[in-house]
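See below for my_file25.cif, which holds mmCIF, C-alpha atoms and all ligand atoms.
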data_query
loop_
_atom_site.label_atom_id
_atom_site.label_comp_id
_atom_site.auth_asym_id
_atom_site.auth_seq_id
_atom_site.Cartn_x
_atom_site.Cartn_y
_atom_site.Cartn_z
CA MET A 1 -3.50 10.24 -22.46
CA LYS A 2 -6.88 9.41 -21.00
CA VAL A 3 -6.28 7.81 -17.64
CA LEU A 4 -8.57 5.76 -15.43
CA VAL A 5 -7.57 5.06 -11.82
CA LEU A 6 -9.32 2.05 -10.28
CA GLY A 7 -10.17 2.25 -6.58
CA SER A 8 -11.73 4.61 -4.09
CA GLY A 9 -9.29 5.23 -1.24
CA ALA A 10 -6.95 8.05 -0.27
CA ARG A 11 -4.23 6.25 -2.24
CA GLU A 12 -6.38 6.64 -5.36
CA HIS A 13 -7.15 10.30 -4.56
CA ALA A 14 -3.40 10.91 -4.29
CA LEU A 15 -2.88 9.17 -7.66
CA ILE A 16 -5.64 11.22 -9.28
CA TRP A 17 -4.15 14.41 -7.80
CA LYS A 18 -0.72 13.50 -9.17
CA PHE A 19 -2.13 12.71 -12.62
CA SER A 20 -4.11 15.96 -12.57
CA GLN A 21 -0.80 17.86 -12.45
CA SER A 22 0.49 16.14 -15.58
CA THR A 23 0.73 18.01 -18.86
CA ARG A 24 -0.02 14.78 -20.72
CA ILE A 25 -3.58 14.21 -19.57
CA SER A 26 -6.60 14.90 -21.75
CA GLY A 27 -9.10 12.94 -19.64
CA LEU A 28 -9.04 11.71 -16.05
CA PHE A 29 -11.43 9.16 -14.55
CA ALA A 30 -11.79 7.31 -11.26
CA ALA A 31 -13.81 4.15 -10.72
CA PRO A 32 -15.60 4.31 -8.44
CA GLY A 33 -13.62 7.15 -6.78
CA ASN A 34 -14.74 9.29 -3.83
CA ALA A 35 -15.77 12.88 -3.11
CA GLY A 36 -12.13 13.99 -3.40
CA THR A 37 -11.39 12.33 -6.75
CA GLY A 38 -14.68 13.78 -8.01
CA GLU A 39 -13.18 17.28 -7.79
CA LEU A 40 -10.34 16.42 -10.17
CA ALA A 41 -11.71 13.59 -12.30
CA ALA A 42 -14.95 12.08 -13.49
CA ASN A 43 -16.09 9.38 -11.06
CA LEU A 44 -17.44 6.37 -12.92
CA LEU A 45 -19.83 5.12 -10.28
CA ASP A 46 -21.31 2.39 -12.45
CA VAL A 47 -18.00 0.56 -12.93
CA ASP A 48 -17.25 -2.44 -10.72
CA PRO A 49 -13.44 -2.73 -10.43
CA LEU A 50 -13.91 -6.39 -9.47
CA LYS A 51 -15.51 -7.16 -12.83
CA PRO A 52 -12.85 -6.89 -15.55
CA GLU A 53 -15.53 -6.77 -18.26
CA SER A 54 -17.17 -3.79 -16.58
CA VAL A 55 -13.82 -1.93 -16.53
CA LEU A 56 -13.17 -2.85 -20.16
CA ALA A 57 -16.59 -1.57 -21.23
CA ALA A 58 -16.01 1.77 -19.44
CA ALA A 59 -12.56 2.08 -21.00
CA GLY A 60 -14.07 1.61 -24.45
CA LYS A 61 -16.91 4.04 -23.79
CA HIS A 62 -14.63 6.84 -22.57
CA GLY A 63 -11.67 6.26 -24.92
CA ILE A 64 -9.36 5.47 -22.01
CA THR A 65 -5.75 4.80 -23.03
CA HIS A 66 -4.17 3.99 -19.63
CA VAL A 67 -5.58 2.25 -16.56
CA PHE A 68 -3.77 2.53 -13.23
CA VAL A 69 -5.00 -0.14 -10.81
CA GLY A 70 -4.91 1.02 -7.17
CA PRO A 71 -5.97 -2.00 -5.07
CA GLU A 72 -4.92 -5.66 -5.31
CA GLU A 73 -8.22 -7.43 -5.69
CA PRO A 74 -8.95 -6.42 -9.31
CA LEU A 75 -5.40 -7.57 -10.19
CA THR A 76 -5.87 -11.00 -8.63
CA LEU A 77 -9.08 -11.26 -10.67
CA GLY A 78 -7.19 -10.59 -13.90
CA VAL A 79 -8.26 -7.03 -14.77
CA ALA A 80 -4.81 -6.23 -16.17
CA ASP A 81 -4.89 -9.27 -18.48
CA VAL A 82 -8.33 -8.41 -19.88
CA LEU A 83 -7.48 -4.74 -20.50
CA ARG A 84 -4.06 -5.47 -21.99
CA ASP A 85 -5.53 -8.05 -24.36
CA ALA A 86 -7.80 -5.27 -25.61
CA GLY A 87 -4.82 -3.00 -26.30
CA ILE A 88 -5.15 -0.72 -23.28
CA ALA A 89 -1.98 0.20 -21.37
CA VAL A 90 -2.25 -1.01 -17.79
CA ILE A 91 -0.16 -0.13 -14.75
CA GLY A 92 -0.84 -3.28 -12.77
CA ALA A 93 0.32 -6.86 -12.41
CA HIS A 94 -1.14 -9.63 -14.52
CA ARG A 95 -3.09 -12.33 -12.72
CA GLU A 96 -0.19 -14.78 -12.50
CA ALA A 97 2.16 -12.21 -10.91
CA ALA A 98 -0.61 -10.94 -8.62
CA ARG A 99 -0.29 -14.27 -6.80
CA LEU A 100 2.79 -12.74 -5.14
CA GLU A 101 0.23 -10.87 -3.05
CA GLY A 102 -2.87 -13.02 -3.46
CA SER A 103 -1.27 -16.20 -2.16
CA LYS A 104 1.26 -16.20 0.67
CA VAL A 105 1.85 -19.89 -0.09
CA PHE A 106 2.96 -18.85 -3.58
CA ALA A 107 5.03 -15.86 -2.37
CA LYS A 108 6.82 -17.79 0.38
CA ALA A 109 7.63 -20.69 -1.95
CA PHE A 110 8.90 -18.18 -4.55
CA MET A 111 11.23 -16.65 -1.95
CA ARG A 112 12.36 -20.03 -0.61
CA ARG A 113 13.23 -21.55 -3.99
CA ASN A 114 15.07 -18.37 -5.01
CA ALA A 115 16.94 -17.98 -1.68
CA ILE A 116 15.44 -14.51 -1.05
CA PRO A 117 15.73 -13.55 2.65
CA THR A 118 12.40 -13.97 4.45
CA ALA A 119 11.17 -15.46 7.73
CA GLU A 120 11.50 -19.26 8.06
CA TYR A 121 8.09 -20.86 7.71
CA GLN A 122 5.96 -23.94 7.48
CA GLU A 123 2.69 -24.49 5.67
CA PHE A 124 -0.32 -26.27 7.20
CA SER A 125 -3.57 -27.53 5.75
CA ASP A 126 -4.41 -29.83 8.64
CA LEU A 127 -5.66 -28.45 11.95
CA LYS A 128 -4.24 -31.29 14.07
CA ALA A 129 -0.74 -30.78 12.69
CA ALA A 130 -1.00 -26.99 13.08
CA GLY A 131 -2.26 -27.43 16.65
CA ARG A 132 0.63 -29.72 17.55
CA TYR A 133 3.10 -27.23 16.08
CA ILE A 134 1.55 -24.29 17.94
CA LYS A 135 1.46 -26.13 21.27
CA ALA A 136 5.06 -27.30 20.93
CA SER A 137 6.56 -24.01 19.80
CA GLY A 138 8.77 -22.25 22.32
CA GLU A 139 9.80 -19.38 20.06
CA LYS A 140 7.59 -16.45 19.16
CA ILE A 141 5.68 -17.24 15.94
CA VAL A 142 3.40 -15.45 13.51
CA LEU A 143 0.32 -17.05 11.93
CA LYS A 144 -0.89 -16.03 8.47
CA LYS A 145 -3.77 -16.83 6.20
CA SER A 146 -2.49 -17.51 2.70
CA GLY A 147 -5.14 -15.61 0.71
CA LEU A 148 -6.17 -11.95 0.67
CA ALA A 149 -7.62 -10.83 3.99
CA ALA A 150 -7.71 -7.01 3.86
CA GLY A 151 -5.18 -6.63 6.67
CA LYS A 152 -6.86 -9.20 8.94
CA GLY A 153 -4.91 -12.26 7.88
CA VAL A 154 -1.99 -12.06 10.30
CA LEU A 155 -1.85 -12.93 14.00
CA GLU A 156 1.08 -11.99 16.19
CA SER A 157 0.28 -13.22 19.66
CA ASP A 158 1.80 -15.00 22.65
CA ASN A 159 -1.53 -16.56 23.53
CA LYS A 160 -1.75 -20.19 22.35
CA GLY A 161 -5.52 -20.25 22.75
CA LYS A 162 -5.87 -17.29 20.39
CA MET A 163 -3.45 -18.90 17.95
CA LEU A 164 -5.41 -22.16 17.89
CA LYS A 165 -8.65 -20.28 17.26
CA PHE A 166 -7.05 -18.28 14.46
CA ALA A 167 -5.60 -21.47 12.92
CA GLU A 168 -9.00 -23.14 13.03
CA LYS A 169 -10.66 -20.17 11.35
CA VAL A 170 -8.04 -19.95 8.58
CA LEU A 171 -8.12 -23.69 7.91
CA GLU A 172 -11.87 -23.62 7.30
CA ASP A 173 -11.17 -22.43 3.77
CA ASP A 174 -7.49 -21.65 3.29
CA THR A 175 -3.90 -22.71 3.99
CA LEU A 176 -2.12 -21.55 7.15
CA ILE A 177 1.45 -20.31 7.20
CA ILE A 178 3.35 -20.28 10.47
CA GLU A 179 6.56 -18.33 10.45
CA GLU A 180 9.29 -17.19 12.80
CA PHE A 181 8.80 -13.79 14.43
CA LEU A 182 11.30 -11.28 13.09
CA GLU A 183 12.63 -8.50 15.31
CA GLY A 184 13.58 -5.14 13.82
CA PHE A 185 11.91 -2.17 12.20
CA GLU A 186 9.66 -2.17 9.16
CA ALA A 187 10.00 -0.24 5.92
CA THR A 188 8.30 -0.33 2.56
CA VAL A 189 10.07 0.08 -0.76
CA PHE A 190 8.15 0.48 -3.99
CA ALA A 191 9.58 -0.53 -7.32
CA VAL A 192 7.98 0.78 -10.48
CA CYS A 193 8.41 -1.87 -13.19
CA ASP A 194 7.95 -1.81 -16.95
CA GLY A 195 8.33 -5.55 -17.51
CA LYS A 196 12.04 -5.18 -18.27
CA ASN A 197 13.43 -2.44 -16.03
CA TYR A 198 12.60 -1.13 -12.60
CA LEU A 199 12.98 2.11 -10.71
CA LEU A 200 12.98 2.45 -6.92
CA LEU A 201 11.02 5.16 -5.15
CA PRO A 202 12.03 6.64 -1.76
CA PRO A 203 11.40 4.23 1.15
CA CYS A 204 8.29 4.69 3.27
CA ALA A 205 7.01 3.42 6.59
CA ASP A 206 3.48 3.06 7.81
CA PHE A 207 1.98 3.09 11.29
CA LYS A 208 -0.35 0.10 11.45
CA LYS A 209 -1.54 0.08 15.06
CA ALA A 210 -4.53 2.11 16.17
CA GLY A 211 -2.99 3.34 19.42
CA GLU A 212 -0.27 5.77 20.40
CA ASN A 213 3.26 4.30 20.60
CA ASP A 214 2.26 1.47 18.25
CA THR A 215 -0.17 -0.16 20.67
CA GLY A 216 -3.70 -1.51 20.23
CA PRO A 217 -5.31 -3.34 17.34
CA ASN A 218 -4.02 -3.44 13.76
CA THR A 219 -5.61 -1.14 11.19
CA GLY A 220 -5.24 -0.61 7.47
CA GLY A 221 -2.63 2.02 8.43
CA MET A 222 -3.01 5.18 10.52
CA GLY A 223 -0.15 7.20 9.07
CA SER A 224 2.99 7.18 6.98
CA VAL A 225 6.35 8.80 6.57
CA CYS A 226 8.54 9.15 3.48
CA PRO A 227 11.51 8.87 3.23
CA VAL A 228 12.28 6.80 6.34
CA PRO A 229 14.68 8.63 8.63
CA GLY A 230 17.51 6.28 9.61
CA LEU A 231 17.30 4.23 6.44
CA ASP A 232 20.62 5.60 5.21
CA ALA A 233 22.32 5.02 1.86
CA ARG A 234 24.29 2.05 3.21
CA LEU A 235 21.15 0.30 4.44
CA GLN A 236 19.29 1.14 1.25
CA ALA A 237 22.12 -0.39 -0.77
CA ARG A 238 21.86 -3.56 1.34
CA ILE A 239 18.09 -3.71 0.80
CA ARG A 240 18.66 -3.37 -2.90
CA SER A 241 21.37 -6.00 -3.24
CA GLU A 242 19.97 -8.52 -0.72
CA THR A 243 16.22 -8.38 -1.41
CA ILE A 244 15.29 -6.31 -4.47
CA GLU A 245 17.86 -7.48 -7.00
CA PRO A 246 17.37 -11.18 -6.15
CA THR A 247 13.60 -10.68 -6.44
CA PHE A 248 13.84 -9.18 -9.91
CA ALA A 249 16.34 -11.83 -11.01
CA ALA A 250 13.84 -14.48 -9.86
CA LEU A 251 10.89 -12.71 -11.51
CA LYS A 252 12.81 -12.68 -14.79
CA LYS A 253 13.83 -16.31 -14.44
CA GLU A 254 10.25 -17.38 -13.73
CA ASN A 255 8.66 -15.18 -16.40
CA LEU A 256 6.73 -13.16 -13.85
CA MET A 257 7.88 -9.66 -14.80
CA TYR A 258 5.05 -7.19 -15.23
CA ARG A 259 4.25 -3.52 -15.80
CA GLY A 260 3.15 -2.04 -12.52
CA ILE A 261 4.16 -1.52 -8.93
CA LEU A 262 5.90 -4.05 -6.69
CA TYR A 263 5.73 -3.38 -2.96
CA PHE A 264 8.47 -4.79 -0.75
CA GLY A 265 7.29 -5.01 2.87
CA LEU A 266 10.58 -5.34 4.74
CA MET A 267 11.74 -6.07 8.24
CA ILE A 268 15.16 -4.60 8.87
CA THR A 269 16.51 -7.18 11.31
CA PRO A 270 19.89 -7.11 13.07
CA GLY A 271 20.94 -9.79 10.56
CA GLY A 272 19.92 -7.69 7.55
CA PRO A 273 16.76 -6.90 5.60
CA LYS A 274 14.16 -9.64 5.15
CA ILE A 275 10.95 -9.63 3.12
CA LEU A 276 7.74 -9.85 5.14
CA GLU A 277 5.52 -9.66 2.11
CA TYR A 278 5.18 -8.60 -1.49
CA ASN A 279 2.22 -6.58 -2.66
CA VAL A 280 1.57 -5.92 -6.33
CA ARG A 281 0.40 -2.34 -5.86
CA PHE A 282 1.13 0.87 -4.01
CA GLY A 283 0.54 0.88 -0.24
CA ASP A 284 -2.08 2.87 1.58
CA PRO A 285 -1.27 5.21 3.43
CA GLU A 286 2.36 5.17 2.20
CA THR A 287 1.41 6.44 -1.27
CA GLN A 288 -0.27 9.55 0.11
CA ALA A 289 3.05 10.60 1.72
CA LEU A 290 5.18 9.43 -1.22
CA LEU A 291 3.50 11.00 -4.26
CA PRO A 292 3.81 14.66 -3.19
CA LEU A 293 7.59 14.10 -3.10
CA ILE A 294 7.75 12.95 -6.73
CA ASN A 295 8.46 15.98 -8.89
CA SER A 296 8.41 14.11 -12.21
CA ASP A 297 5.32 14.27 -14.39
CA PHE A 298 3.23 11.20 -13.58
CA GLY A 299 1.85 10.96 -17.09
CA ASN A 300 5.42 10.70 -18.36
CA LEU A 301 6.19 8.05 -15.75
CA CYS A 302 3.19 5.96 -16.84
CA ASP A 303 4.12 6.38 -20.47
CA ALA A 304 7.63 5.12 -19.65
CA ILE A 305 6.10 2.09 -17.93
CA ALA A 306 3.80 1.38 -20.86
CA THR A 307 6.56 1.77 -23.47
CA GLN A 308 9.21 -0.01 -21.38
CA ASN A 309 11.51 2.99 -21.16
CA LEU A 310 11.98 3.22 -17.40
CA ASP A 311 15.72 2.71 -17.76
CA THR A 312 16.08 6.21 -19.16
CA PHE A 313 13.37 7.89 -17.08
CA PRO A 314 14.67 10.97 -15.26
CA LEU A 315 12.95 10.51 -11.89
CA GLU A 316 12.98 13.71 -9.84
CA VAL A 317 12.35 13.43 -6.14
CA SER A 318 12.04 16.25 -3.59
CA GLU A 319 14.55 16.46 -0.74
CA LYS A 320 11.75 17.10 1.73
CA THR A 321 10.16 14.72 4.23
CA SER A 322 6.47 13.94 4.03
CA LEU A 323 4.10 12.75 6.76
CA GLY A 324 0.58 11.44 6.35
CA VAL A 325 -1.98 11.25 9.16
CA VAL A 326 -5.16 9.22 8.70
CA ILE A 327 -8.40 10.67 10.07
CA ALA A 328 -10.74 7.84 11.02
CA ALA A 329 -14.34 7.50 12.10
CA LYS A 330 -15.24 6.82 15.73
CA GLY A 331 -15.07 3.07 16.38
CA TYR A 332 -12.59 2.22 13.59
CA PRO A 333 -11.01 -0.41 13.29
CA GLY A 334 -14.12 -1.88 14.92
CA SER A 335 -17.61 -0.93 13.76
CA TYR A 336 -18.36 2.68 12.93
CA GLU A 337 -21.12 4.89 11.58
CA LYS A 338 -21.18 6.19 8.03
CA GLY A 339 -22.80 9.27 6.50
CA ILE A 340 -21.40 11.81 8.97
CA PRO A 341 -21.15 15.33 7.47
CA VAL A 342 -17.65 16.77 7.21
CA SER A 343 -16.80 20.45 7.46
CA PHE A 344 -13.69 21.98 5.97
CA ALA A 345 -11.83 25.18 6.78
CA GLU A 346 -12.06 27.86 4.09
CA LYS A 347 -8.47 27.72 2.87
CA ALA A 348 -7.46 24.14 3.30
CA ASP A 349 -5.18 23.81 0.29
CA GLU A 350 -1.93 25.54 1.10
CA LYS A 351 1.16 24.49 -0.80
CA ASP A 352 2.66 21.26 0.54
CA LEU A 353 -0.48 20.42 2.51
CA HIS A 354 -2.89 17.88 1.05
CA ILE A 355 -6.20 16.49 2.16
CA PHE A 356 -6.72 13.17 0.41
CA HIS A 357 -10.19 11.68 0.75
CA ALA A 358 -10.59 7.98 1.46
CA SER A 359 -14.09 6.78 2.14
CA THR A 360 -16.22 9.81 1.38
CA LEU A 361 -19.11 10.62 -0.88
CA ARG A 362 -21.09 13.73 -1.67
CA GLY A 363 -24.60 14.13 -0.28
CA LYS A 364 -27.47 15.54 -2.38
CA ASP A 365 -26.75 19.09 -1.22
CA GLY A 366 -23.03 18.76 -2.00
CA THR A 367 -21.94 18.12 1.60
CA VAL A 368 -19.08 15.65 1.97
CA LEU A 369 -20.17 12.63 4.00
CA THR A 370 -18.01 9.93 5.56
CA ASN A 371 -18.49 6.52 3.97
CA GLY A 372 -16.10 4.22 5.80
CA GLY A 373 -13.60 3.77 8.62
CA ARG A 374 -10.54 5.55 7.31
CA CYS A 375 -11.96 8.77 5.90
CA PHE A 376 -9.03 11.05 5.00
CA THR A 377 -5.25 11.21 4.91
CA VAL A 378 -3.81 14.65 5.63
CA VAL A 379 -0.28 15.02 4.27
CA ALA A 380 2.29 17.75 4.86
CA LEU A 381 5.85 18.21 3.65
CA GLY A 382 8.66 19.78 5.64
CA LYS A 383 12.41 20.18 5.49
CA ASP A 384 12.64 17.30 7.96
CA ILE A 385 10.32 14.99 9.90
CA TYR A 386 9.95 17.55 12.72
CA GLU A 387 8.74 20.31 10.42
CA ALA A 388 6.51 17.87 8.52
CA ALA A 389 4.94 16.73 11.83
CA GLU A 390 4.33 20.29 12.97
CA ARG A 391 2.67 21.13 9.67
CA VAL A 392 0.57 17.98 9.36
CA TYR A 393 -0.84 18.34 12.87
CA ALA A 394 -1.72 21.98 12.10
CA GLY A 395 -3.23 20.68 8.83
CA VAL A 396 -5.56 18.12 10.40
CA LYS A 397 -7.45 21.03 11.97
CA ASN A 398 -8.64 21.96 8.46
CA LEU A 399 -11.39 19.40 8.61
CA SER A 400 -13.71 18.01 11.24
CA PHE A 401 -16.58 15.61 11.67
CA LYS A 402 -18.30 14.11 14.68
CA GLY A 403 -16.18 11.39 16.29
CA ALA A 404 -13.14 11.98 14.01
CA TRP A 405 -9.89 10.75 15.52
CA TYR A 406 -6.26 10.30 14.53
CA ARG A 407 -3.03 9.12 16.06
CA PRO A 408 -1.19 12.06 17.60
CA ASP A 409 2.26 10.47 17.26
CA ILE A 410 2.74 9.66 13.57
CA GLY A 411 6.47 9.92 12.84
CA LYS A 412 7.48 9.89 16.51
CA ARG A 413 9.02 6.42 16.23
CA PHE A 414 11.67 7.98 14.00
CA MET A 415 12.31 11.12 16.04
CA THR A 416 15.38 11.13 18.22
CA GLU A 417 15.17 14.63 19.71
P1 LIG B 1 2.11 -9.18 6.23
O1 LIG B 1 0.70 -9.04 5.72
O2 LIG B 1 2.69 -10.51 5.99
O3 LIG B 1 3.02 -8.05 5.85
O4 LIG B 1 1.96 -8.96 7.81
C1 LIG B 1 1.34 -7.82 8.36
C2 LIG B 1 2.16 -7.26 9.50
O5 LIG B 1 2.38 -8.27 10.51
C3 LIG B 1 3.57 -6.81 9.09
O6 LIG B 1 3.56 -5.52 8.57
C4 LIG B 1 4.30 -6.92 10.41
O7 LIG B 1 4.02 -5.80 11.23
C5 LIG B 1 3.69 -8.15 11.04
N1 LIG B 1 4.46 -9.34 10.69
C6 LIG B 1 4.22 -10.17 9.66
N2 LIG B 1 5.10 -11.18 9.61
C7 LIG B 1 5.94 -10.99 10.63
C8 LIG B 1 7.09 -11.71 11.12
N3 LIG B 1 7.52 -12.83 10.55
N4 LIG B 1 7.73 -11.21 12.20
C9 LIG B 1 7.28 -10.08 12.81
N5 LIG B 1 6.20 -9.38 12.40
C10 LIG B 1 5.53 -9.82 11.33
N1 LIG B 2 0.08 -0.01 4.18
C1 LIG B 2 0.06 -1.38 3.96
C2 LIG B 2 -0.59 -1.81 2.72
O1 LIG B 2 -0.98 -1.01 1.89
O2 LIG B 2 -0.69 -3.01 2.51
#
Using structure tokens, write down the structure that the file contains.
Ligand code: AMP
Ligand code: GLY
Amino acid sequence: MKVLVLGSGAREHALIWKFSQSTRISGLFAAPGNAGTGELAANLLDVDPLKPESVLAAAGKHGITHVFVGPEEPLTLGVADVLRDAGIAVIGAHREAARLEGSKVFAKAFMRRNAIPTAEYQEFSDLKAAGRYIKASGEKIVLKKSGLAAGKGVLESDNKGKMLKFAEKVLEDDTLIIEEFLEGFEATVFAVCDGKNYLLLPPCADFKKAGENDTGPNTGGMGSVCPVPGLDARLQARIRSETIEPTFAALKKENLMYRGILYFGLMITPGGPKILEYNVRFGDPETQALLPLINSDFGNLCDAIATQNLDTFPLEVSEKTSLGVVIAAKGYPGSYEKGIPVSFAEKADEKDLHIFHASTLRGKDGTVLTNGGRCFTVVALGKDIYEAAERVYAGVKNLSFKGAWYRPDIGKRFMTE
């Protein structure tokens, strides 16, 4: 197999690392990739993942047989459709199914008409009506932009002034969703789908807020844990029967099944699990914690997806717990500098400790330079969350750059001792 991974984050570095361990791989490419993927794969810097024709041309040029699409945007632009039409195996939703992530209007209506548990909601395209609703609402509500917004499309606030401003901004060019605020704890479940069958991976949780104890502004995700302590077999069975099975039944009924990843963003409420959102891809930073726990050969897994044999795939998962801690640039999630040199400890790659690059590139002299806000995810495995936390926070000391910061309490929410 010659595999191309589209994207350039730590999620994609983790995917490339996992593919690099496969016995099935005869060529590995990332587009555009980062300094980390460049150590294990060829980075195709001239490919624009947002231009399906550019990806198709690169696939032809390099004899690529399988394309794994990391982020959502190329999927909403139809990259999977274009590649598949040309006979290339793609792990990624087709354009129609990508609307489950690309349009909250579509996703919410899909859940409503199929009676899949989710927050009650209303849709607005008129600012006056939205304003009246916001002013009159006594309950806590959540405002959402329908289209893709790179993590900035949701407002949870008690401040009506802020809500009105947010509504006005969204309604300039999109539809607004207002939904009930759900209490509970969040978890993410990934289903790997082959268009007919699906396989569930261990549940993950991410830590979205910038500050300790889940305070401060939202980020793309500052850390992750897998599996989620407290999400026991009984609760997992409920998630499966109440949210996942009805989703797949509805996908089948509506001809939306696809070969790729389906992300269930869940709120575990006192009344049972409810779906906050679907994404049509792996999560970041959940994937960085998840993949080191998968013992199965990833090439074999992709082959099973491509050939629709997931029903007989022998998925092997480690019993350990994995924690990921994101190292960010000073200022993130606000504005930050780029191009800061990174230094690494001599022996950074111990077993069960991983440094996945996110936004990095290599300078002319080979130095790794930061190239974004979230720069690395450090991941460590342990026999439980306590050991994983001890190891990951020892691990983060293996790299440094000016202004680097991370949350010191990833995992703590799930620790009882
Ligand atoms: P979404 O993009 O819809 O998953 O929303 C992003 C984040 O906002 C979620 O991960 C939750 O932390 C929060 N959120 C979204 N919808 C709700 C809701 N109805 N109730 C409570 N929190 C929510
Ligand atoms: N970690 C949340 C996401 O990938 O959307």
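Using only C-alpha atoms and all ligand atoms as the basis for the distance check, residues found within 6 Å of ligand LIG 1 (chain B) are Ala119, Val142, Val154, Glu179, Glu180, Phe181, Leu182, Leu276 and Glu277 of chain A.
As for atom CA of A:Lys51 and atom CA of A:Met1, they are spaced 23.2 Å apart.
Polymer residues near (20.4, -10.4, 9.0): counting all atoms listed in the file with a cut-off of 12 Å, they are Ile116, Pro117, Thr118, Ala119, Leu182, Glu183, Gly184, Leu235, Arg238, Ile239, Glu242, Thr243, Leu266, Met267, Ile268, Thr269, Pro270, Gly271, Gly272, Pro273, Lys274 and Ile275 of chain A.
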Show me a table, sorted first by chain and then by increasing residue number, of the residues of chain A having an atom at most 10 Å from ligand LIG 2 (chain B), each with its shortest atom pair and the distance in Å to one decimal, counting all atoms listed in the file and written as a tab-separated table.
residue	atom	partner	partner_atom	distance
A:Arg11	CA	B:LIG2	O1	9.0
A:Pro71	CA	B:LIG2	O1	8.6
A:Glu72	CA	B:LIG2	O2	9.3
A:Glu101	CA	B:LIG2	O2	9.7
A:Ala150	CA	B:LIG2	O2	8.2
A:Gly151	CA	B:LIG2	O2	7.1
A:Thr188	CA	B:LIG2	N1	8.4
A:Cys204	CA	B:LIG2	N1	9.5
A:Ala205	CA	B:LIG2	N1	8.1
A:Asp206	CA	B:LIG2	N1	5.8
A:Phe207	CA	B:LIG2	N1	8.0
A:Lys208	CA	B:LIG2	N1	7.3
A:Thr219	CA	B:LIG2	N1	9.1
A:Gly220	CA	B:LIG2	N1	6.3
A:Gly221	CA	B:LIG2	N1	5.4
A:Met222	CA	B:LIG2	N1	8.8
A:Gly223	CA	B:LIG2	N1	8.7
A:Ser224	CA	B:LIG2	N1	8.2
A:Tyr263	CA	B:LIG2	O2	8.4
A:Phe264	CA	B:LIG2	O2	9.9
A:Gly265	CA	B:LIG2	C1	8.2
A:Glu277	CA	B:LIG2	O2	9.1
A:Tyr278	CA	B:LIG2	O2	9.0
A:Asn279	CA	B:LIG2	O2	6.9
A:Val280	CA	B:LIG2	O2	9.6
A:Arg281	CA	B:LIG2	O1	8.0
A:Phe282	CA	B:LIG2	O1	6.5
A:Gly283	CA	B:LIG2	O1	3.2
A:Asp284	CA	B:LIG2	O1	4.0
A:Pro285	CA	B:LIG2	N1	5.4
A:Glu286	CA	B:LIG2	N1	6.0
A:Thr287	CA	B:LIG2	O1	8.4
- Considering all atoms listed in the file, return as a ChimeraX atom specification whatever protein or nucleic-acid residues lie within 8 Å of stretch 30-32 of chain A, sequence-local ones (same chain, fewer than 4 positions apart) excluded. /A:4-8,16,37-38,41-49
What does the file look like for those residues with C-alpha atoms, as a PDB file, in the coordinates of the input?
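Saved as out17.pdb:
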ATOM      1  CA  LEU A   4      -8.570   5.760 -15.430  1.00  0.00           C
ATOM      2  CA  VAL A   5      -7.570   5.060 -11.820  1.00  0.00           C
ATOM      3  CA  LEU A   6      -9.320   2.050 -10.280  1.00  0.00           C
ATOM      4  CA  GLY A   7     -10.170   2.250  -6.580  1.00  0.00           C
ATOM      5  CA  SER A   8     -11.730   4.610  -4.090  1.00  0.00           C
ATOM      6  CA  ILE A  16      -5.640  11.220  -9.280  1.00  0.00           C
ATOM      7  CA  THR A  37     -11.390  12.330  -6.750  1.00  0.00           C
ATOM      8  CA  GLY A  38     -14.680  13.780  -8.010  1.00  0.00           C
ATOM      9  CA  ALA A  41     -11.710  13.590 -12.300  1.00  0.00           C
ATOM     10  CA  ALA A  42     -14.950  12.080 -13.490  1.00  0.00           C
ATOM     11  CA  ASN A  43     -16.090   9.380 -11.060  1.00  0.00           C
ATOM     12  CA  LEU A  44     -17.440   6.370 -12.920  1.00  0.00           C
ATOM     13  CA  LEU A  45     -19.830   5.120 -10.280  1.00  0.00           C
ATOM     14  CA  ASP A  46     -21.310   2.390 -12.450  1.00  0.00           C
ATOM     15  CA  VAL A  47     -18.000   0.560 -12.930  1.00  0.00           C
ATOM     16  CA  ASP A  48     -17.250  -2.440 -10.720  1.00  0.00           C
ATOM     17  CA  PRO A  49     -13.440  -2.730 -10.430  1.00  0.00           C
TER      18      PRO A  49
END
- Pick from A:Gly9, A:Pro408, A:Gly339, A:Pro74, whichever lies nearest to A:Val368 using all atoms listed in the file: A:Gly339
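Proximity to A:Ser400 was assessed for A:Thr416, A:Glu123, A:Val105, A:Ile355 counting only C-alpha atoms; the smallest distance is recorded for A:Ile355.
Using all atoms listed in the file, the nearest neighbour of A:Gly36 within the list A:Arg112, A:Leu15, A:Val228, A:Glu53 is A:Leu15.
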- Task: Just the residues within 8 Å of A:Phe19, please, counting only C-alpha atoms, with nothing from its chain fewer than 3 positions along; format it as a ChimeraX atom specification.
- Result: /A:15-16,22,25,28,297-299
